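Student: I am sharing work.pdb, which consists of PDB, C-alpha atoms:
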ATOM      1  CA  MET A 681      30.155 227.437 150.434
ATOM      2  CA  ARG A 682      33.031 228.226 148.062
ATOM      3  CA  GLY A 683      32.699 224.804 146.458
ATOM      4  CA  GLU A 684      29.007 225.457 145.849
ATOM      5  CA  ALA A 685      29.837 228.843 144.333
ATOM      6  CA  GLU A 686      32.232 227.191 141.893
ATOM      7  CA  ARG A 687      29.571 224.604 141.051
ATOM      8  CA  VAL A 688      27.054 227.332 140.218
ATOM      9  CA  ALA A 689      29.705 229.125 138.144
ATOM     10  CA  ARG A 690      30.249 225.936 136.108
ATOM     11  CA  LEU A 691      26.515 225.510 135.584
ATOM     12  CA  LEU A 692      26.172 229.114 134.449
ATOM     13  CA  GLY A 693      28.795 228.630 131.742
ATOM     14  CA  ALA A 694      29.093 231.597 129.349
ATOM     15  CA  TRP A 695      26.353 233.650 131.014
ATOM     16  CA  ARG A 696      27.475 237.152 130.073
ATOM     17  CA  THR A 697      25.509 238.827 127.267
ATOM     18  CA  ASP A 698      25.219 242.336 125.842
ATOM     19  CA  GLN A 699      22.766 243.118 128.653
ATOM     20  CA  PRO A 700      23.885 244.792 131.888
ATOM     21  CA  VAL A 701      25.811 242.359 134.081
ATOM     22  CA  ARG A 702      23.130 242.352 136.781
ATOM     23  CA  THR A 703      20.405 241.503 134.247
ATOM     24  CA  ALA A 704      22.452 238.806 132.521
ATOM     25  CA  LEU A 705      23.323 237.145 135.840
ATOM     26  CA  ARG A 706      19.719 237.317 137.051
ATOM     27  CA  ASP A 707      18.403 235.738 133.841
ATOM     28  CA  ALA A 708      21.067 233.019 133.854
ATOM     29  CA  LEU A 709      20.349 232.089 137.473
ATOM     30  CA  ALA A 710      16.598 232.112 136.731
ATOM     31  CA  GLU A 711      17.200 229.626 133.902
ATOM     32  CA  LEU A 712      19.036 227.297 136.288
ATOM     33  CA  VAL A 713      16.170 227.487 138.771
ATOM     34  CA  ASP A 714      13.501 226.941 136.108
ATOM     35  CA  GLY A 715      15.402 223.976 134.712
ATOM     36  CA  ALA A 716      15.699 222.404 138.208
ATOM     37  CA  HIS A 717      19.503 222.521 138.073
ATOM     38  CA  LEU A 718      19.140 224.456 141.325
ATOM     39  CA  PRO A 719      16.343 222.468 142.987
ATOM     40  CA  PRO A 720      13.800 223.823 145.485
ATOM     41  CA  GLY A 721      15.212 224.003 149.004
ATOM     42  CA  TRP A 722      18.821 224.258 147.833
ATOM     43  CA  ARG A 723      20.899 226.873 149.644
ATOM     44  CA  MET A 724      22.432 229.416 147.293
ATOM     45  CA  PRO A 725      26.139 230.266 147.669
ATOM     46  CA  GLY A 726      27.022 233.316 149.700
ATOM     47  CA  GLN A 727      27.084 236.547 147.734
ATOM     48  CA  ARG A 728      30.786 237.130 148.326
ATOM     49  CA  ASP A 729      31.754 233.581 147.318
ATOM     50  CA  LEU A 730      29.676 233.650 144.108
ATOM     51  CA  ALA A 731      30.953 237.101 143.212
ATOM     52  CA  GLU A 732      34.537 235.867 143.564
ATOM     53  CA  ALA A 733      33.825 232.737 141.508
ATOM     54  CA  LEU A 734      32.247 234.807 138.716
ATOM     55  CA  GLY A 735      34.664 237.717 138.831
ATOM     56  CA  VAL A 736      31.976 240.335 139.497
ATOM     57  CA  ALA A 737      31.227 242.798 142.279
ATOM     58  CA  ARG A 738      29.391 241.510 145.322
ATOM     59  CA  GLY A 739      26.711 244.147 144.738
ATOM     60  CA  THR A 740      25.981 242.609 141.331
ATOM     61  CA  VAL A 741      25.205 239.244 142.944
ATOM     62  CA  ALA A 742      23.198 240.938 145.709
ATOM     63  CA  ARG A 743      21.006 242.744 143.171
ATOM     64  CA  ALA A 744      20.517 239.575 141.109
ATOM     65  CA  TYR A 745      19.491 237.673 144.243
ATOM     66  CA  ALA A 746      17.101 240.482 145.199
ATOM     67  CA  ASP A 747      15.444 240.356 141.782
ATOM     68  CA  LEU A 748      14.998 236.583 142.069
ATOM     69  CA  VAL A 749      13.545 236.967 145.558
ATOM     70  CA  ALA A 750      11.116 239.553 144.219
ATOM     71  CA  ASP A 751       9.885 237.262 141.426
ATOM     72  CA  GLY A 752       9.522 234.279 143.740
ATOM     73  CA  ARG A 753      12.384 232.076 142.599
ATOM     74  CA  LEU A 754      14.482 232.589 145.747
ATOM     75  CA  ALA A 755      13.546 233.082 149.404
ATOM     76  CA  PRO A 756      15.748 234.613 152.135
ATOM     77  CA  ARG A 757      15.902 233.043 155.591
ATOM     78  CA  HIS A 758      17.079 235.349 158.328
ATOM     79  CA  GLY A 759      20.425 234.246 159.685
ATOM     80  CA  SER A 760      20.564 231.221 157.376
ATOM     81  CA  GLY A 761      21.026 232.446 153.816
ATOM     82  CA  THR A 762      19.113 232.466 150.554
ATOM     83  CA  TYR A 763      17.315 229.355 149.339
ATOM     84  CA  VAL A 764      15.793 228.252 146.059
ATOM     85  CA  ARG A 765      12.028 228.518 146.290
ATOM     86  CA  GLY A 766      11.254 227.006 142.869
ATOM     87  CA  ALA A 767      10.551 227.774 139.252
ATOM     88  CA  ARG A 768       8.215 230.628 138.428
ATOM     89  CA  GLY A 769       5.325 228.916 136.635
ATOM     90  CA  ALA A 770       5.795 225.498 135.074
ATOM     91  CA  ALA A 771       9.336 224.222 135.370
ATOM     92  CA  ARG A 772      11.160 223.902 132.074
ATOM     93  CA  PRO A 773      13.453 220.959 131.404
ATOM     94  CA  GLY A 774      17.042 222.107 131.411
ATOM     95  CA  GLU A 775      19.562 221.397 128.697
ATOM     96  CA  GLY A 776      21.380 218.144 129.331
ATOM     97  CA  ARG A 777      24.815 219.510 128.553
ATOM     98  CA  LEU A 778      24.738 221.551 131.762
ATOM     99  CA  THR A 779      24.726 218.385 133.842
ATOM    100  CA  SER A 780      28.009 217.270 132.317
ATOM    101  CA  PHE A 781      29.741 220.286 133.879
ATOM    102  CA  ASP A 782      28.123 219.849 137.266
ATOM    103  CA  GLY A 783      30.473 218.531 139.924
ATOM    104  CA  ALA A 784      27.648 216.566 141.586
ATOM    105  CA  ARG A 785      27.199 214.089 138.743
ATOM    106  CA  PRO A 786      24.636 211.288 138.761
ATOM    107  CA  VAL A 787      25.832 207.696 138.846
ATOM    108  CA  VAL A 788      25.424 207.361 135.075
ATOM    109  CA  ASP A 789      25.664 210.624 133.124
ATOM    110  CA  LEU A 790      23.881 210.262 129.778
ATOM    111  CA  SER A 791      23.678 214.005 129.187
ATOM    112  CA  SER A 792      26.742 214.147 126.964
ATOM    113  CA  GLY A 793      27.923 211.926 124.120
ATOM    114  CA  ALA A 794      31.436 213.357 124.161
ATOM    115  CA  LEU A 795      34.191 210.742 124.003
ATOM    116  CA  PRO A 796      37.169 210.900 126.382
ATOM    117  CA  GLY A 797      40.400 212.420 125.159
ATOM    118  CA  SER A 798      42.740 210.246 123.115
ATOM    119  CA  ASP A 799      46.531 210.041 123.184
ATOM    120  CA  LEU A 800      46.321 209.619 119.396
ATOM    121  CA  VAL A 801      45.565 213.336 119.048
ATOM    122  CA  ALA A 802      48.808 214.260 120.791
ATOM    123  CA  ASP A 803      50.708 211.714 118.673
ATOM    124  CA  VAL A 804      49.515 213.090 115.331
ATOM    125  CA  MET A 805      49.743 216.806 116.133
ATOM    126  CA  PRO A 806      53.423 217.120 115.094
ATOM    127  CA  GLU A 807      52.568 215.604 111.707
ATOM    128  CA  VAL A 808      49.558 217.906 111.359
ATOM    129  CA  GLY A 809      51.818 220.859 112.092
ATOM    130  CA  ARG A 810      54.250 219.752 109.393
ATOM    131  CA  LEU A 811      51.481 219.390 106.815
ATOM    132  CA  LEU A 812      50.019 222.785 107.663
ATOM    133  CA  ARG A 813      53.345 224.595 107.436
ATOM    134  CA  ASP A 814      52.982 225.177 103.685
ATOM    135  CA  HIS A 815      49.656 226.944 104.247
ATOM    136  CA  LEU A 816      51.264 229.526 106.526
ATOM    137  CA  ARG A 817      52.701 231.270 103.475
ATOM    138  CA  GLY A 818      49.252 232.200 102.208
ATOM    139  CA  PRO A 819      46.275 233.890 103.860
ATOM    140  CA  GLY A 820      45.154 230.591 105.382
ATOM    141  CA  TYR A 821      41.563 231.337 104.434
ATOM    142  CA  HIS A 822      39.729 228.459 102.768
ATOM    143  CA  PRO A 823      35.961 228.896 103.292
ATOM    144  CA  ALA A 824      35.150 225.347 102.210
ATOM    145  CA  GLY A 825      38.168 223.757 103.923
ATOM    146  CA  LEU A 826      41.725 222.887 102.932
ATOM    147  CA  PRO A 827      41.772 221.721  99.291
ATOM    148  CA  GLU A 828      43.953 218.723 100.151
ATOM    149  CA  LEU A 829      41.505 217.569 102.821
ATOM    150  CA  ARG A 830      38.531 218.008 100.498
ATOM    151  CA  GLN A 831      40.339 216.013  97.825
ATOM    152  CA  ALA A 832      41.128 213.225 100.272
ATOM    153  CA  LEU A 833      37.535 213.027 101.495
ATOM    154  CA  ALA A 834      36.142 213.055  97.969
ATOM    155  CA  ALA A 835      38.497 210.218  97.047
ATOM    156  CA  ASP A 836      37.447 208.258 100.144
ATOM    157  CA  PHE A 837      33.733 208.606  99.344
ATOM    158  CA  THR A 838      34.400 207.587  95.748
ATOM    159  CA  ARG A 839      36.320 204.532  96.909
ATOM    160  CA  ARG A 840      33.341 203.557  99.085
ATOM    161  CA  GLY A 841      31.018 203.634  96.069
ATOM    162  CA  VAL A 842      29.719 207.208  96.244
ATOM    163  CA  PRO A 843      31.308 209.172  93.366
ATOM    164  CA  THR A 844      32.221 212.557  94.844
ATOM    165  CA  ARG A 845      34.079 215.618  93.546
ATOM    166  CA  GLU A 846      36.193 217.948  95.618
ATOM    167  CA  ASP A 847      33.792 220.846  94.962
ATOM    168  CA  GLU A 848      30.978 218.798  96.541
ATOM    169  CA  VAL A 849      32.768 218.666  99.914
ATOM    170  CA  VAL A 850      32.593 221.351 102.605
ATOM    171  CA  ILE A 851      34.692 221.036 105.766
ATOM    172  CA  THR A 852      33.052 222.161 109.002
ATOM    173  CA  ALA A 853      34.330 222.537 112.552
ATOM    174  CA  GLY A 854      32.353 219.436 113.526
ATOM    175  CA  SER A 855      29.134 217.547 112.905
ATOM    176  CA  GLN A 856      27.128 219.977 115.042
ATOM    177  CA  GLN A 857      28.160 222.913 112.871
ATOM    178  CA  ALA A 858      27.223 220.901 109.784
ATOM    179  CA  VAL A 859      23.746 220.219 111.177
ATOM    180  CA  TRP A 860      23.355 223.883 112.112
ATOM    181  CA  LEU A 861      24.326 224.994 108.609
ATOM    182  CA  ILE A 862      21.804 222.593 107.103
ATOM    183  CA  ALA A 863      19.066 223.723 109.467
ATOM    184  CA  THR A 864      19.611 227.432 108.840
ATOM    185  CA  ALA A 865      20.031 227.034 105.064
ATOM    186  CA  LEU A 866      17.238 224.561 104.310
ATOM    187  CA  THR A 867      14.593 225.014 107.010
ATOM    188  CA  GLY A 868      12.858 227.886 108.733
ATOM    189  CA  PRO A 869       9.405 229.375 109.286
ATOM    190  CA  GLY A 870       6.811 227.521 107.218
ATOM    191  CA  THR A 871       8.845 224.330 106.791
ATOM    192  CA  LEU A 872       8.329 220.906 108.360
ATOM    193  CA  THR A 873      11.321 218.742 109.275
ATOM    194  CA  LEU A 874      10.814 215.068 110.121
ATOM    195  CA  VAL A 875      13.224 213.507 112.599
ATOM    196  CA  GLU A 876      13.590 210.133 114.230
ATOM    197  CA  ASP A 877      12.019 209.817 117.681
ATOM    198  CA  PRO A 878      14.279 209.685 119.630
ATOM    199  CA  SER A 879      16.992 211.605 117.845
ATOM    200  CA  TYR A 880      20.225 213.502 118.417
ATOM    201  CA  ARG A 881      19.498 216.373 120.801
ATOM    202  CA  GLY A 882      21.828 218.795 119.040
ATOM    203  CA  ALA A 883      19.968 218.306 115.753
ATOM    204  CA  LEU A 884      16.617 218.880 117.428
ATOM    205  CA  GLU A 885      17.920 222.151 118.850
ATOM    206  CA  ALA A 886      19.289 223.237 115.461
ATOM    207  CA  PHE A 887      16.087 222.550 113.526
ATOM    208  CA  ALA A 888      13.841 224.019 116.221
ATOM    209  CA  GLY A 889      16.110 227.062 116.463
ATOM    210  CA  ALA A 890      15.746 227.701 112.728
ATOM    211  CA  GLY A 891      12.079 228.493 113.330
ATOM    212  CA  GLY A 892      10.379 225.691 111.434
ATOM    213  CA  ARG A 893       8.171 222.881 112.698
ATOM    214  CA  VAL A 894       9.808 219.633 113.810
ATOM    215  CA  GLN A 895       7.878 216.355 113.936
ATOM    216  CA  GLY A 896       9.124 213.033 115.301
ATOM    217  CA  VAL A 897       8.627 209.666 113.596
ATOM    218  CA  ARG A 898       8.911 206.571 115.776
ATOM    219  CA  PHE A 899      12.327 204.902 115.690
ATOM    220  CA  THR A 900      12.479 201.178 116.468
ATOM    221  CA  SER A 901      15.191 198.586 116.980
ATOM    222  CA  ALA A 902      15.045 197.983 113.206
ATOM    223  CA  GLY A 903      15.165 201.629 112.220
ATOM    224  CA  LEU A 904      12.622 204.276 111.279
ATOM    225  CA  ASP A 905       8.935 203.239 111.239
ATOM    226  CA  LEU A 906       8.314 203.444 107.491
ATOM    227  CA  ASP A 907       4.522 203.207 107.757
ATOM    228  CA  LEU A 908       4.437 206.321 109.922
ATOM    229  CA  LEU A 909       6.970 208.014 107.655
ATOM    230  CA  ALA A 910       4.768 207.307 104.631
ATOM    231  CA  ARG A 911       1.878 209.145 106.285
ATOM    232  CA  ALA A 912       3.957 212.053 107.596
ATOM    233  CA  GLY A 913       6.151 212.501 104.536
ATOM    234  CA  ALA A 914       3.517 213.994 102.247
ATOM    235  CA  GLY A 915       3.601 217.410 103.915
ATOM    236  CA  ALA A 916       7.257 217.510 104.947
ATOM    237  CA  ASP A 917      10.184 219.391 103.435
ATOM    238  CA  LEU A 918      13.189 217.610 104.951
ATOM    239  CA  LEU A 919      13.958 214.317 106.661
ATOM    240  CA  TYR A 920      16.860 214.039 109.117
ATOM    241  CA  VAL A 921      18.031 210.482 109.821
ATOM    242  CA  GLN A 922      21.069 208.608 111.155
ATOM    243  CA  THR A 923      21.053 205.290 109.338
ATOM    244  CA  ALA A 924      24.707 204.334 109.860
ATOM    245  CA  LEU A 925      24.849 204.467 113.665
ATOM    246  CA  HIS A 926      21.962 206.123 115.462
ATOM    247  CA  ASN A 927      22.469 208.541 118.334
ATOM    248  CA  PRO A 928      21.301 207.857 121.041
ATOM    249  CA  THR A 929      20.156 204.239 120.498
ATOM    250  CA  GLY A 930      23.195 202.810 118.686
ATOM    251  CA  VAL A 931      20.972 201.079 116.088
ATOM    252  CA  HIS A 932      22.318 200.454 112.582
ATOM    253  CA  THR A 933      19.522 200.472 110.000
ATOM    254  CA  PRO A 934      19.762 197.316 107.825
ATOM    255  CA  GLY A 935      20.316 197.602 104.067
ATOM    256  CA  PRO A 936      16.782 196.593 102.924
ATOM    257  CA  ARG A 937      15.192 199.165 105.222
ATOM    258  CA  ARG A 938      17.626 201.840 104.072
ATOM    259  CA  ARG A 939      16.668 201.057 100.483
ATOM    260  CA  ALA A 940      12.959 201.238 101.303
ATOM    261  CA  LEU A 941      13.483 204.500 103.175
ATOM    262  CA  GLY A 942      15.245 206.023 100.159
ATOM    263  CA  GLU A 943      12.496 204.932  97.793
ATOM    264  CA  LEU A 944       9.801 206.337 100.079
ATOM    265  CA  ALA A 945      11.600 209.671 100.388
ATOM    266  CA  ALA A 946      11.956 209.851  96.602
ATOM    267  CA  ARG A 947       8.202 209.286  96.131
ATOM    268  CA  HIS A 948       7.412 212.161  98.471
ATOM    269  CA  GLY A 949      10.131 214.429  97.081
ATOM    270  CA  LEU A 950      11.722 214.626 100.526
ATOM    271  CA  LEU A 951      15.199 216.081 100.868
ATOM    272  CA  VAL A 952      17.055 213.607 103.091
ATOM    273  CA  VAL A 953      19.929 214.465 105.412
ATOM    274  CA  ASP A 954      21.654 211.275 106.540
ATOM    275  CA  ASP A 955      23.950 212.127 109.444
ATOM    276  CA  GLN A 956      26.796 209.604 109.317
ATOM    277  CA  SER A 957      29.044 211.352 111.837
ATOM    278  CA  GLN A 958      28.934 208.244 114.066
ATOM    279  CA  ALA A 959      29.603 205.730 111.264
ATOM    280  CA  ASP A 960      33.225 205.102 112.311
ATOM    281  CA  LEU A 961      32.298 204.272 115.909
ATOM    282  CA  GLY A 962      30.838 200.786 115.423
ATOM    283  CA  TRP A 963      32.348 198.110 117.658
ATOM    284  CA  HIS A 964      34.562 195.414 116.083
ATOM    285  CA  ARG A 965      34.536 196.951 112.590
ATOM    286  CA  SER A 966      37.488 198.085 110.511
ATOM    287  CA  GLN A 967      35.268 200.002 108.054
ATOM    288  CA  PRO A 968      32.580 202.653 108.679
ATOM    289  CA  LEU A 969      29.017 201.383 108.936
ATOM    290  CA  PRO A 970      27.155 202.015 105.651
ATOM    291  CA  GLY A 971      24.514 204.720 105.491
ATOM    292  CA  LEU A 972      21.644 205.600 103.194
ATOM    293  CA  ASP A 973      24.002 206.003 100.244
ATOM    294  CA  GLN A 974      25.062 202.324 100.519
ATOM    295  CA  HIS A 975      22.192 199.836 100.570
ATOM    296  CA  THR A 976      24.142 196.611 100.855
TER     297      THR A 976
END
Using structure tokens, write down the structure from this file.
Tutor:
Amino acid sequence: MRGEAERVARLLGAWRTDQPVRTALRDALAELVDGAHLPPGWRMPGQRDLAEALGVARGTVARAYADLVADGRLAPRHGSGTYVRGARGAARPGEGRLTSFDGARPVVDLSSGALPGSDLVADVMPEVGRLLRDHLRGPGYHPAGLPELRQALAADFTRRGVPTREDEVVITAGSQQAVWLIATALTGPGTLTLVEDPSYRGALEAFAGAGGRVQGVRFTSAGLDLDLLARAGAGADLLYVQTALHNPTGVHTPGPRRRALGELAARHGLLVVDDQSQADLGWHRSQPLPGLDQHT
């Protein structure tokens, strides 16, 4: 059962909170049960094995199991172990990213869009270290990002036909942080955000987490359904799209539709966020796929 204990530990991820350890473990295990990551009838790892895998006392696991037995999520079988009984109430869909860290993967794992590691990263790290050496003399604190990087990005956008100044560029730790910053700064209770349906799961989580309403607009093989957008746009505050290369469908919105989308958003006074984080990933292209800021 040690392998199963390690599997559960991977699924739990960063489960510790500011709550007592017993409570945090109980709640984290309950979330796995409710999300069907631990399906009904599945035998839970032994208390000693799970305690060792998690680095906690066996009594902590025993108390968490007892709480889950009491609320109906687990059921003990004398001489056999503890088994998952099922979710309490309606089962909630689990977050897809958990599946990516589960050793028992499905045949095709679509839960994560993360690319495999690249040898290119290792090749360029010495050069990155050399370029960063000058910054070690100062405090190394640049809230908007390294000035040289902001300058380079501004110049690249300008070269591509979108005049951009350095002070209009903010460097983030990744596209997900950028979406989160946008969601927390521009949306919240009382706002309505329109998104493509389907859309990038991380963006949906960010906008929903900000506390505002999120409404999907049908996304087709040609891009966003503009007729539906015209009807939904009147009461919306923000529109989140991915016109360059859509995640998860891989569709590139053609120039005429991008132009029409921009005109429609302007008529409704919609603030548009065009996520182009996937623009460089098009097959057989030496240049990034154009987004809403480039109609041709």
Student: For the structure provided, state which residues fall under the PyMOL selection byres ((chain A and resi 952) around 7), and present them as a VMD selection string.
Tutor: chain A and resid 918 to 920 950 to 951 953 to 954
Student: With the file shown as input, list the residues that the PyMOL selection byres ((chain A and resi 692) around 10) selects, as a short mmCIF file (atom, residue, chain, number, x, y, z; two decimals) with C-alpha atoms, in the coordinates of the input.
Tutor:
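expr-v5.cif written:
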data_model
loop_
_atom_site.label_atom_id
_atom_site.label_comp_id
_atom_site.auth_asym_id
_atom_site.auth_seq_id
_atom_site.Cartn_x
_atom_site.Cartn_y
_atom_site.Cartn_z
CA GLU A 686 32.23 227.19 141.89
CA ARG A 687 29.57 224.60 141.05
CA VAL A 688 27.05 227.33 140.22
CA ALA A 689 29.70 229.12 138.14
CA ARG A 690 30.25 225.94 136.11
CA LEU A 691 26.52 225.51 135.58
CA GLY A 693 28.80 228.63 131.74
CA ALA A 694 29.09 231.60 129.35
CA TRP A 695 26.35 233.65 131.01
CA ARG A 696 27.48 237.15 130.07
CA LEU A 705 23.32 237.14 135.84
CA ALA A 708 21.07 233.02 133.85
CA LEU A 709 20.35 232.09 137.47
CA GLU A 711 17.20 229.63 133.90
CA LEU A 712 19.04 227.30 136.29
CA LEU A 734 32.25 234.81 138.72
CA LEU A 778 24.74 221.55 131.76
CA PHE A 781 29.74 220.29 133.88
CA ASP A 782 28.12 219.85 137.27
#
Student: Closest to Leu972 (chain A) among A:Ala902, A:Val842, A:Val897, A:Ala746, using all atoms listed in the file?
Tutor: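 Of the candidates, the smallest distance to Leu972 (chain A) is held by A:Val842.
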Student: For this structure, which residues satisfy the selection - the PyMOL selection byres ((chain A and resi 887) around 10) - when it is evaluated on the file as given? I want them as a list in words.
Tutor: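 On this input, the PyMOL selection byres ((chain A and resi 887) around 10) captures Val859, Trp860, Leu861, Ile862, Ala863, Thr864, Leu866, Thr867, Gly868, Leu872, Thr873, Leu874, Val875, Gly882, Ala883, Leu884, Glu885, Ala886, Ala888, Gly889, Ala890, Gly891, Gly892, Arg893, Val894 and Tyr920 of chain A.
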Student: Counting all atoms listed in the file, find the residues whose atoms lie at most 12 Å from (13.4, 209.6, 97.6) (file coordinates) and write them out as a ChimeraX atom specification.
Tutor: /A:910,913-914,917-919,938-953,972-973
Student: For the atom pair CA of Ala834 (chain A) and CA of Asp799 (chain A), what is the interatomic distance in Å to one decimal place?
Tutor: 27.4 Å
Student: Under the rule that only C-alpha atoms are counted, which of A:Gly715, A:Gly915, A:Gly854, A:Pro819 is the nearest residue to Thr871 (chain A)?
Tutor: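 The closest residue to Thr871 (chain A) is A:Gly915.
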Student: Nearest to His717 (chain A): which of A:Val764, A:Leu925, A:Val850, A:Leu812 is it, counting all atoms listed in the file?
Tutor: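 Distance minimum relative to His717 (chain A) lands on A:Val764.
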Student: Could you tell me how far CA of Thr762 (chain A) sits from CA of Pro720 (chain A), in Å to one decimal place?
Tutor: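 Between these atoms lies a distance of 11.3 Å.
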Student: So, with only C-alpha atoms as the atoms that count, which of A:Ala710, A:Ala733, A:Leu829, A:Gly726 lies closest to Gly752 (chain A)?
Tutor: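 Among the listed residues, the smallest separation from Gly752 (chain A) belongs to A:Ala710.
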Student: May I have the residues within 8 Å of Ser879 (chain A) as a list of chain:residue names, using all atoms listed in the file and disregarding those fewer than 5 positions away in the same chain?
Tutor: A:Leu884, A:His926, A:Asn927, A:Pro928
Student: Using all atoms listed in the file and a cutoff of 10 Å, can you tell me which residues are near (30.4, 215.4, 105.4) in the file's coordinates, and write them out as a short mmCIF file (atom, residue, chain, number, x, y, z; two decimals) with C-alpha atoms, in the frame of the given file?
Tutor:
data_model
loop_
_atom_site.label_atom_id
_atom_site.label_comp_id
_atom_site.auth_asym_id
_atom_site.auth_seq_id
_atom_site.Cartn_x
_atom_site.Cartn_y
_atom_site.Cartn_z
CA ARG A 830 38.53 218.01 100.50
CA LEU A 833 37.53 213.03 101.50
CA ALA A 834 36.14 213.06 97.97
CA PHE A 837 33.73 208.61 99.34
CA GLU A 848 30.98 218.80 96.54
CA VAL A 849 32.77 218.67 99.91
CA VAL A 850 32.59 221.35 102.60
CA ILE A 851 34.69 221.04 105.77
CA THR A 852 33.05 222.16 109.00
CA GLY A 854 32.35 219.44 113.53
CA SER A 855 29.13 217.55 112.90
CA ALA A 858 27.22 220.90 109.78
CA ASP A 954 21.65 211.28 106.54
CA ASP A 955 23.95 212.13 109.44
CA GLN A 956 26.80 209.60 109.32
CA SER A 957 29.04 211.35 111.84
#
Student: Kindly compute an axis-aligned box around the listed atoms of region 730-733 of chain A, allowing 8 Å on each side, and express its centre and edge lengths in Å to one decimal as JSON.
Tutor:
{"center_x": 32.1, "center_y": 234.9, "center_z": 142.8, "size_x": 20.9, "size_y": 20.4, "size_z": 18.6}
Student: Env of region 757-761 of chain A: 12 Å cut, atoms = all atoms listed in the file, seq-sep filter 4 positions within chain, self excluded. Answer as a PDB file with C-alpha atoms, in the frame of the given file.
Tutor:
ATOM      1  CA  MET A 681      30.155 227.437 150.434  1.00  0.00           C
ATOM      2  CA  GLY A 721      15.212 224.003 149.004  1.00  0.00           C
ATOM      3  CA  TRP A 722      18.821 224.258 147.833  1.00  0.00           C
ATOM      4  CA  ARG A 723      20.899 226.873 149.644  1.00  0.00           C
ATOM      5  CA  MET A 724      22.432 229.416 147.293  1.00  0.00           C
ATOM      6  CA  PRO A 725      26.139 230.266 147.669  1.00  0.00           C
ATOM      7  CA  GLY A 726      27.022 233.316 149.700  1.00  0.00           C
ATOM      8  CA  GLN A 727      27.084 236.547 147.734  1.00  0.00           C
ATOM      9  CA  ALA A 742      23.198 240.938 145.709  1.00  0.00           C
ATOM     10  CA  TYR A 745      19.491 237.673 144.243  1.00  0.00           C
ATOM     11  CA  VAL A 749      13.545 236.967 145.558  1.00  0.00           C
ATOM     12  CA  ARG A 765      12.028 228.518 146.290  1.00  0.00           C
TER      13      ARG A 765
END
Student: Expressed in Å to a single decimal, how great is the separation between CA of Gly930 (chain A) and CA of Gln967 (chain A)?
Tutor: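 About the pair CA of Gly930 (chain A) and CA of Gln967 (chain A): they are 16.3 Å apart.
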Student: Given the choices A:Gly683, A:Arg937, A:Ala924, A:Ala750, which gets closest to Gly962 (chain A) if the distance is worked out from only C-alpha atoms?
Tutor: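 So, comparing all the options, the nearest one is A:Ala924.
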Student: Could I see region 835-847 of chain A restored to N, CA and C atoms, set down as a compact mmCIF listing (two decimals), in the coordinates of the input?
Tutor:
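Okay, this is what ended up in selection02.txt:
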# COMPACT_ATOMS: atom_id res chain seq x y z
N ALA A 835 37.94 211.49 97.51
CA ALA A 835 38.50 210.22 97.05
C ALA A 835 38.02 209.07 97.93
N ASP A 836 37.90 209.31 99.24
CA ASP A 836 37.45 208.26 100.14
C ASP A 836 35.99 207.89 99.87
N PHE A 837 35.13 208.90 99.67
CA PHE A 837 33.73 208.61 99.34
C PHE A 837 33.62 207.86 98.02
N THR A 838 34.42 208.26 97.05
CA THR A 838 34.40 207.59 95.75
C THR A 838 34.83 206.14 95.89
N ARG A 839 35.85 205.90 96.68
CA ARG A 839 36.32 204.53 96.91
C ARG A 839 35.24 203.68 97.56
N ARG A 840 34.40 204.29 98.40
CA ARG A 840 33.34 203.56 99.08
C ARG A 840 32.08 203.42 98.24
N GLY A 841 32.16 203.84 96.97
CA GLY A 841 31.02 203.63 96.07
C GLY A 841 30.12 204.83 95.89
N VAL A 842 30.52 205.99 96.40
CA VAL A 842 29.72 207.21 96.24
C VAL A 842 30.57 208.22 95.48
N PRO A 843 30.48 208.25 94.15
CA PRO A 843 31.31 209.17 93.37
C PRO A 843 31.15 210.61 93.86
N THR A 844 32.26 211.23 94.23
CA THR A 844 32.22 212.56 94.84
C THR A 844 33.37 213.40 94.31
N ARG A 845 33.06 214.68 93.98
CA ARG A 845 34.08 215.62 93.55
C ARG A 845 34.51 216.51 94.71
N GLU A 846 35.68 217.06 94.57
CA GLU A 846 36.19 217.95 95.62
C GLU A 846 35.25 219.12 95.87
N ASP A 847 34.66 219.68 94.78
CA ASP A 847 33.79 220.85 94.96
C ASP A 847 32.43 220.49 95.57
